[in-house]
>>> print(open('coords_33.pdb').read())   # PDB, C-alpha atoms
ATOM      1  CA  MET A  24      15.399  10.161  18.272
ATOM      2  CA  HIS A  25      18.961  11.447  18.068
ATOM      3  CA  ASN A  26      19.088  15.240  17.902
ATOM      4  CA  VAL A  27      22.306  15.660  15.911
ATOM      5  CA  SER A  28      23.384  17.187  12.608
ATOM      6  CA  ILE A  29      26.324  16.416  10.380
ATOM      7  CA  ARG A  30      29.012  18.964  11.207
ATOM      8  CA  GLN A  31      29.703  21.817   8.834
ATOM      9  CA  HIS A  32      33.273  20.828   8.027
ATOM     10  CA  ILE A  33      32.022  17.426   6.866
ATOM     11  CA  VAL A  34      29.323  19.097   4.775
ATOM     12  CA  ASP A  35      31.908  21.430   3.241
ATOM     13  CA  ARG A  36      34.250  18.544   2.438
ATOM     14  CA  VAL A  37      31.528  16.546   0.730
ATOM     15  CA  VAL A  38      30.108  19.498  -1.211
ATOM     16  CA  ALA A  39      33.594  20.405  -2.461
ATOM     17  CA  ARG A  40      33.975  16.865  -3.803
ATOM     18  CA  ARG A  41      30.649  16.454  -5.595
ATOM     19  CA  GLY A  42      28.800  19.777  -5.444
ATOM     20  CA  ASP A  43      26.024  18.512  -3.177
ATOM     21  CA  ILE A  44      25.773  16.953   0.251
ATOM     22  CA  HIS A  45      23.485  14.248  -1.126
ATOM     23  CA  TRP A  46      24.456  11.367  -3.373
ATOM     24  CA  PHE A  47      21.045  10.915  -4.982
ATOM     25  CA  THR A  48      18.670  13.616  -6.225
ATOM     26  CA  GLU A  49      15.899  11.145  -7.123
ATOM     27  CA  LEU A  50      14.753   7.818  -5.690
ATOM     28  CA  ASP A  51      12.729   5.495  -7.916
ATOM     29  CA  PRO A  52       9.956   3.791  -5.900
ATOM     30  CA  ASN A  53       9.819   1.006  -8.491
ATOM     31  CA  LYS A  54      13.421   0.064  -7.735
ATOM     32  CA  SER A  55      13.624   0.800  -3.996
ATOM     33  CA  ALA A  56      13.187  -1.241  -0.820
ATOM     34  CA  LEU A  57      12.953  -0.221   2.837
ATOM     35  CA  LEU A  58      15.131  -2.377   5.103
ATOM     36  CA  ILE A  59      14.439  -2.163   8.841
ATOM     37  CA  ILE A  60      17.254  -3.853  10.726
ATOM     38  CA  ASP A  61      17.128  -5.656  14.113
ATOM     39  CA  MET A  62      13.978  -4.019  15.483
ATOM     40  CA  GLN A  63      13.244  -7.035  17.672
ATOM     41  CA  ASN A  64      12.978  -7.759  21.412
ATOM     42  CA  THR A  65      16.704  -8.422  21.895
ATOM     43  CA  PHE A  66      17.474  -4.796  21.014
ATOM     44  CA  CYS A  67      14.194  -2.955  21.681
ATOM     45  CA  LYS A  68      12.642  -4.417  24.821
ATOM     46  CA  PRO A  69      13.507  -2.739  28.154
ATOM     47  CA  GLY A  70      16.097  -4.794  30.028
ATOM     48  CA  ALA A  71      16.887  -7.020  27.033
ATOM     49  CA  PRO A  72      20.512  -8.198  26.716
ATOM     50  CA  GLY A  73      21.215  -6.041  23.659
ATOM     51  CA  GLU A  74      18.919  -3.161  24.608
ATOM     52  CA  VAL A  75      19.224   0.078  22.647
ATOM     53  CA  PRO A  76      16.842   2.434  24.505
ATOM     54  CA  MET A  77      16.699   4.906  21.633
ATOM     55  CA  ALA A  78      15.342   2.156  19.374
ATOM     56  CA  ARG A  79      11.964   2.495  21.068
ATOM     57  CA  ASP A  80      11.932   6.224  20.300
ATOM     58  CA  ILE A  81      12.274   5.702  16.549
ATOM     59  CA  THR A  82       9.343   3.292  16.230
ATOM     60  CA  PRO A  83       6.828   6.042  15.277
ATOM     61  CA  ALA A  84       9.146   7.334  12.542
ATOM     62  CA  ILE A  85       9.659   3.802  11.203
ATOM     63  CA  ASN A  86       5.912   3.115  11.226
ATOM     64  CA  ASP A  87       5.231   6.370   9.377
ATOM     65  CA  LEU A  88       7.925   5.788   6.757
ATOM     66  CA  ALA A  89       6.891   2.156   6.222
ATOM     67  CA  ALA A  90       3.288   3.249   5.620
ATOM     68  CA  GLN A  91       4.440   5.859   3.111
ATOM     69  CA  MET A  92       6.607   3.304   1.331
ATOM     70  CA  ARG A  93       3.785   0.756   1.069
ATOM     71  CA  ALA A  94       1.550   3.462  -0.411
ATOM     72  CA  ARG A  95       4.165   3.971  -3.139
ATOM     73  CA  GLY A  96       4.557   0.267  -3.816
ATOM     74  CA  VAL A  97       7.960   0.062  -2.119
ATOM     75  CA  PRO A  98       8.502  -3.308  -0.364
ATOM     76  CA  VAL A  99       9.161  -3.225   3.375
ATOM     77  CA  PHE A 100      11.670  -5.722   4.771
ATOM     78  CA  TRP A 101      12.006  -6.570   8.461
ATOM     79  CA  VAL A 102      15.513  -7.980   8.872
ATOM     80  CA  LEU A 103      15.932  -9.803  12.184
ATOM     81  CA  HIS A 104      19.052 -11.256  13.771
ATOM     82  CA  THR A 105      19.222 -14.854  14.951
ATOM     83  CA  ASN A 106      21.927 -17.385  15.737
ATOM     84  CA  THR A 107      21.675 -21.144  16.080
ATOM     85  CA  GLN A 108      23.427 -23.446  18.533
ATOM     86  CA  HIS A 109      24.496 -27.039  17.877
ATOM     87  CA  ASP A 110      26.090 -29.234  20.550
ATOM     88  CA  GLY A 111      27.183 -26.194  22.519
ATOM     89  CA  ARG A 112      28.649 -24.380  19.532
ATOM     90  CA  SER A 113      27.227 -21.345  17.766
ATOM     91  CA  ASP A 114      27.039 -20.506  14.078
ATOM     92  CA  TRP A 115      29.010 -17.345  15.034
ATOM     93  CA  GLU A 116      31.648 -18.476  17.507
ATOM     94  CA  VAL A 117      33.834 -15.352  17.283
ATOM     95  CA  PHE A 118      30.922 -13.176  18.421
ATOM     96  CA  PHE A 119      29.764 -15.325  21.314
ATOM     97  CA  ASN A 120      33.268 -16.204  22.509
ATOM     98  CA  HIS A 121      34.818 -12.751  22.284
ATOM     99  CA  VAL A 122      32.291  -9.900  21.889
ATOM    100  CA  VAL A 123      29.937 -11.137  24.638
ATOM    101  CA  ARG A 124      32.190 -13.558  26.492
ATOM    102  CA  ASN A 125      30.974 -12.618  29.986
ATOM    103  CA  ASP A 126      29.247 -15.894  30.901
ATOM    104  CA  ASP A 127      25.946 -14.346  31.996
ATOM    105  CA  ILE A 128      25.700 -11.975  29.032
ATOM    106  CA  ARG A 129      26.716 -14.715  26.618
ATOM    107  CA  ALA A 130      24.028 -17.037  27.946
ATOM    108  CA  SER A 131      21.336 -14.360  27.795
ATOM    109  CA  MET A 132      22.290 -13.399  24.241
ATOM    110  CA  ILE A 133      22.247 -17.024  23.106
ATOM    111  CA  ASP A 134      18.763 -17.445  24.576
ATOM    112  CA  SER A 135      17.515 -14.118  23.253
ATOM    113  CA  LEU A 136      18.724 -14.718  19.696
ATOM    114  CA  ALA A 137      17.357 -18.262  19.371
ATOM    115  CA  PRO A 138      15.480 -18.676  16.059
ATOM    116  CA  GLU A 139      12.158 -19.546  17.679
ATOM    117  CA  SER A 140      12.168 -16.286  19.686
ATOM    118  CA  GLN A 141      12.428 -13.820  16.826
ATOM    119  CA  LYS A 142       9.669 -11.457  15.784
ATOM    120  CA  VAL A 143       9.338  -7.769  15.034
ATOM    121  CA  PHE A 144       9.051  -5.549  18.134
ATOM    122  CA  ASP A 145       5.408  -5.173  19.185
ATOM    123  CA  ASP A 146       5.281  -1.368  18.774
ATOM    124  CA  LEU A 147       5.994  -1.695  15.051
ATOM    125  CA  ILE A 148       3.278  -2.238  12.456
ATOM    126  CA  VAL A 149       3.842  -5.204  10.170
ATOM    127  CA  GLU A 150       1.497  -5.603   7.215
ATOM    128  CA  PRO A 151       0.747  -8.872   5.359
ATOM    129  CA  GLY A 152       2.689  -7.801   2.258
ATOM    130  CA  ASP A 153       5.889  -7.114   4.203
ATOM    131  CA  VAL A 154       8.864  -9.467   4.032
ATOM    132  CA  THR A 155      10.699 -10.860   7.072
ATOM    133  CA  ILE A 156      14.250 -12.081   6.567
ATOM    134  CA  PHE A 157      16.630 -13.527   9.145
ATOM    135  CA  LYS A 158      20.369 -12.872   9.252
ATOM    136  CA  ASN A 159      23.179 -14.313  11.374
ATOM    137  CA  ARG A 160      25.814 -11.586  10.992
ATOM    138  CA  TYR A 161      25.836  -7.830  11.562
ATOM    139  CA  SER A 162      25.381  -7.260   7.842
ATOM    140  CA  ALA A 163      22.446  -8.957   6.177
ATOM    141  CA  LEU A 164      24.487  -8.805   2.968
ATOM    142  CA  ALA A 165      27.619 -10.505   4.285
ATOM    143  CA  SER A 166      28.401 -13.728   2.457
ATOM    144  CA  GLY A 167      26.023 -16.442   3.654
ATOM    145  CA  ALA A 168      24.352 -14.218   6.252
ATOM    146  CA  SER A 169      20.868 -14.199   4.701
ATOM    147  CA  THR A 170      18.884 -14.462   1.477
ATOM    148  CA  LEU A 171      18.430 -10.687   1.291
ATOM    149  CA  GLU A 172      20.572 -10.010  -1.781
ATOM    150  CA  ARG A 173      18.869 -12.732  -3.803
ATOM    151  CA  VAL A 174      15.401 -11.450  -2.910
ATOM    152  CA  LEU A 175      16.298  -7.821  -3.709
ATOM    153  CA  ARG A 176      17.786  -8.779  -7.083
ATOM    154  CA  ASN A 177      14.714 -10.865  -7.938
ATOM    155  CA  LEU A 178      12.495  -7.850  -7.199
ATOM    156  CA  GLY A 179      14.568  -5.585  -9.430
ATOM    157  CA  VAL A 180      15.668  -3.420  -6.489
ATOM    158  CA  ASP A 181      18.703  -1.189  -6.986
ATOM    159  CA  THR A 182      18.173   1.210  -4.046
ATOM    160  CA  VAL A 183      17.987   0.361  -0.346
ATOM    161  CA  LEU A 184      16.714   2.653   2.406
ATOM    162  CA  VAL A 185      18.080   1.439   5.725
ATOM    163  CA  GLY A 186      16.753   2.062   9.231
ATOM    164  CA  GLY A 187      16.761   0.246  12.562
ATOM    165  CA  THR A 188      19.427  -0.401  15.168
ATOM    166  CA  LYS A 189      22.262   0.038  15.825
ATOM    167  CA  THR A 190      23.108   2.860  13.435
ATOM    168  CA  ASN A 191      26.822   2.195  13.731
ATOM    169  CA  VAL A 192      26.720  -1.604  13.700
ATOM    170  CA  CYS A 193      24.097  -3.621  11.819
ATOM    171  CA  CYS A 194      22.512  -0.714   9.921
ATOM    172  CA  ASP A 195      25.883   0.643   8.855
ATOM    173  CA  SER A 196      27.271  -2.809   8.008
ATOM    174  CA  THR A 197      24.289  -3.737   5.848
ATOM    175  CA  ALA A 198      24.174  -0.345   4.124
ATOM    176  CA  ARG A 199      27.933  -0.397   3.419
ATOM    177  CA  ASP A 200      27.791  -3.879   1.946
ATOM    178  CA  ALA A 201      24.851  -2.779  -0.202
ATOM    179  CA  MET A 202      27.016  -0.043  -1.750
ATOM    180  CA  MET A 203      29.853  -2.533  -2.294
ATOM    181  CA  MET A 204      27.370  -4.694  -4.237
ATOM    182  CA  ASP A 205      26.429  -1.680  -6.379
ATOM    183  CA  PHE A 206      23.099  -0.862  -4.749
ATOM    184  CA  LYS A 207      22.301   2.788  -4.135
ATOM    185  CA  SER A 208      22.382   2.926  -0.358
ATOM    186  CA  VAL A 209      20.714   5.397   2.007
ATOM    187  CA  LEU A 210      20.775   5.553   5.807
ATOM    188  CA  VAL A 211      17.496   7.100   6.986
ATOM    189  CA  SER A 212      18.792   9.125   9.913
ATOM    190  CA  ASP A 213      15.578   9.603  11.930
ATOM    191  CA  CYS A 214      14.779   5.902  11.587
ATOM    192  CA  CYS A 215      18.148   4.750  13.002
ATOM    193  CA  ALA A 216      19.188   4.429  16.640
ATOM    194  CA  ALA A 217      22.495   3.883  18.430
ATOM    195  CA  LEU A 218      23.552   3.777  22.081
ATOM    196  CA  SER A 219      24.644   7.420  22.026
ATOM    197  CA  ASP A 220      24.391  10.557  19.913
ATOM    198  CA  ASP A 221      28.146  10.442  19.303
ATOM    199  CA  GLU A 222      28.069   6.907  17.889
ATOM    200  CA  HIS A 223      25.041   7.689  15.738
ATOM    201  CA  LEU A 224      26.627  10.862  14.339
ATOM    202  CA  ALA A 225      30.005   9.236  13.699
ATOM    203  CA  ALA A 226      28.322   6.536  11.626
ATOM    204  CA  LEU A 227      26.344   9.063   9.584
ATOM    205  CA  GLU A 228      29.369  11.278   8.958
ATOM    206  CA  THR A 229      31.543   8.410   7.758
ATOM    207  CA  PHE A 230      28.751   6.908   5.686
ATOM    208  CA  ILE A 231      27.833  10.053   3.764
ATOM    209  CA  GLN A 232      31.448  10.671   2.806
ATOM    210  CA  GLN A 233      32.269   7.256   1.372
ATOM    211  CA  PHE A 234      29.425   4.732   1.356
ATOM    212  CA  GLY A 235      26.081   6.288   0.532
ATOM    213  CA  ASP A 236      23.536   8.956   1.280
ATOM    214  CA  VAL A 237      22.089  10.090   4.596
ATOM    215  CA  MET A 238      18.543  11.433   4.479
ATOM    216  CA  THR A 239      15.694  12.058   6.864
ATOM    217  CA  SER A 240      12.356  10.389   6.170
ATOM    218  CA  GLU A 241      11.092  13.696   4.850
ATOM    219  CA  GLU A 242      13.989  13.954   2.410
ATOM    220  CA  VAL A 243      13.425  10.381   1.232
ATOM    221  CA  LEU A 244       9.768  11.150   0.493
ATOM    222  CA  ALA A 245      10.628  14.407  -1.268
ATOM    223  CA  ARG A 246      13.052  12.675  -3.607
ATOM    224  CA  MET A 247      10.601   9.859  -4.259
ATOM    225  CA  THR A 248       7.848  12.262  -5.292
ATOM    226  CA  GLY A 249      10.187  14.375  -7.383
ATOM    227  CA  ASP A 250       9.909  17.324  -4.985
ATOM    228  CA  ALA A 251      13.361  17.837  -3.484
ATOM    229  CA  ALA A 252      12.489  21.256  -2.055
ATOM    230  CA  GLY A 253      14.413  22.763   0.807
ATOM    231  CA  ASP A 254      18.051  23.178   1.663
ATOM    232  CA  LEU A 255      19.848  20.134   0.296
ATOM    233  CA  ARG A 256      22.746  20.762   2.644
ATOM    234  CA  GLU A 257      20.724  19.982   5.753
ATOM    235  CA  VAL A 258      20.788  16.359   6.837
ATOM    236  CA  GLY A 259      19.900  14.814  10.170
TER     237      GLY A 259
END
>>> encode(input="coords_33.pdb", output="structure tokens")
Amino acid sequence: MHNVSIRQHIVDRVVARRGDIHWFTELDPNKSALLIIDMQNTFCKPGAPGEVPMARDITPAINDLAAQMRARGVPVFWVLHTNTQHDGRSDWEVFFNHVVRNDDIRASMIDSLAPESQKVFDDLIVEPGDVTIFKNRYSALASGASTLERVLRNLGVDTVLVGGTKTNVCCDSTARDAMMMDFKSVLVSDCCAALSDDEHLAALETFIQQFGDVMTSEEVLARMTGDAAGDLREVG
């Protein structure tokens, strides 16, 4: 996983504003959900068109956290990306025509993200009570992107714990939109992966200042059990 820490001047800035690096001192398991974003072959499998090598390194941490969440009655969501094609046109034309417009890469991404190809990466443990949701935008909470918001509201969830890949793209986008919709939003730093340490850290530093909390798995569990021991100014 990424071996980085939020820089001291960011910590100092945040603490001066609210007296604590963290947004939330307690997390209610009865109102929380774990969202694992885009941990699928397109982004996790070696040689895949959207490969994020570090995503494979965070699978043990995700498996451990998911098991701990299930034990506390917290629902686990696997949020997977997919895009459909109709008569040569995609449901996300600006992405396929501009972000990945190299012909070979575009073709491989279209094939890789086809609805029938999507499942959770094999190294991850999915239990029968888990929920799988499909999205067609970076953020699962963008308008029309998925049914995630409706499902969370129906379950009485007001807090989302977000992991997966990439930290600075789909995890960040979903977690930011969650805060905009008035969910308490947490990026779980050791369960997120980006293409580089710099990109991962930049996302965490921006997020903790304006959009939500950044916690390690250990910190999440401590706040869920009511035992927030340790130095609250240390985040991963």
>>> atom_distance(input="coords_33.pdb", atom1="atom CA of A:Val102", atom2="atom CA of A:Asp195")
13.5 Å
>>> atom_distance(input="coords_33.pdb", atom1="atom CA of A:Ile133", atom2="atom CA of A:Val192")
18.6 Å
>>> residues_around(input="coords_33.pdb", residues="A:Ser140", least_positions_apart="6", cutoff="9 Å", atoms="only C-alpha atoms", output="MDAnalysis selection string")
chainID A and resid 64 105 134
>>> resolve_selection(input="coords_33.pdb", expression="the PyMOL selection byres ((chain A and resi 116-123) around 12)", output="list in words")
Pro72, Gly73, Asn106, Thr107, Gln108, His109, Gly111, Arg112, Ser113, Asp114, Trp115, Arg124, Asn125, Asp126, Asp127, Ile128, Arg129, Ala130, Ser131, Met132, Ile133, Asp134, Leu136, Asn159, Arg160 and Tyr161 of chain A
>>> closest_residue(input="coords_33.pdb", among="A:Ala84, A:Val154, A:Ala165, A:Ala226", to="A:Leu178", atoms="all atoms listed in the file")
A:Val154
>>> resolve_selection(input="coords_33.pdb", expression="the PyMOL selection byres ((chain A and resi 236) around 9)", output="number ranges by chain")
A: 44-47, 207-211, 227, 230-235, 237-238
>>> closest_residue(input="coords_33.pdb", among="A:Val27, A:Val143, A:Leu50, A:Leu57", to="A:Cys194", atoms="all atoms listed in the file")
A:Leu57
>>> closest_residue(input="coords_33.pdb", among="A:Val174, A:Leu103, A:Ala39, A:Ala216", to="A:Ile85", atoms="only C-alpha atoms")
A:Ala216
>>> atom_distance(input="coords_33.pdb", atom1="atom CA of A:Asp87", atom2="atom CA of A:Gly187")
13.4 Å
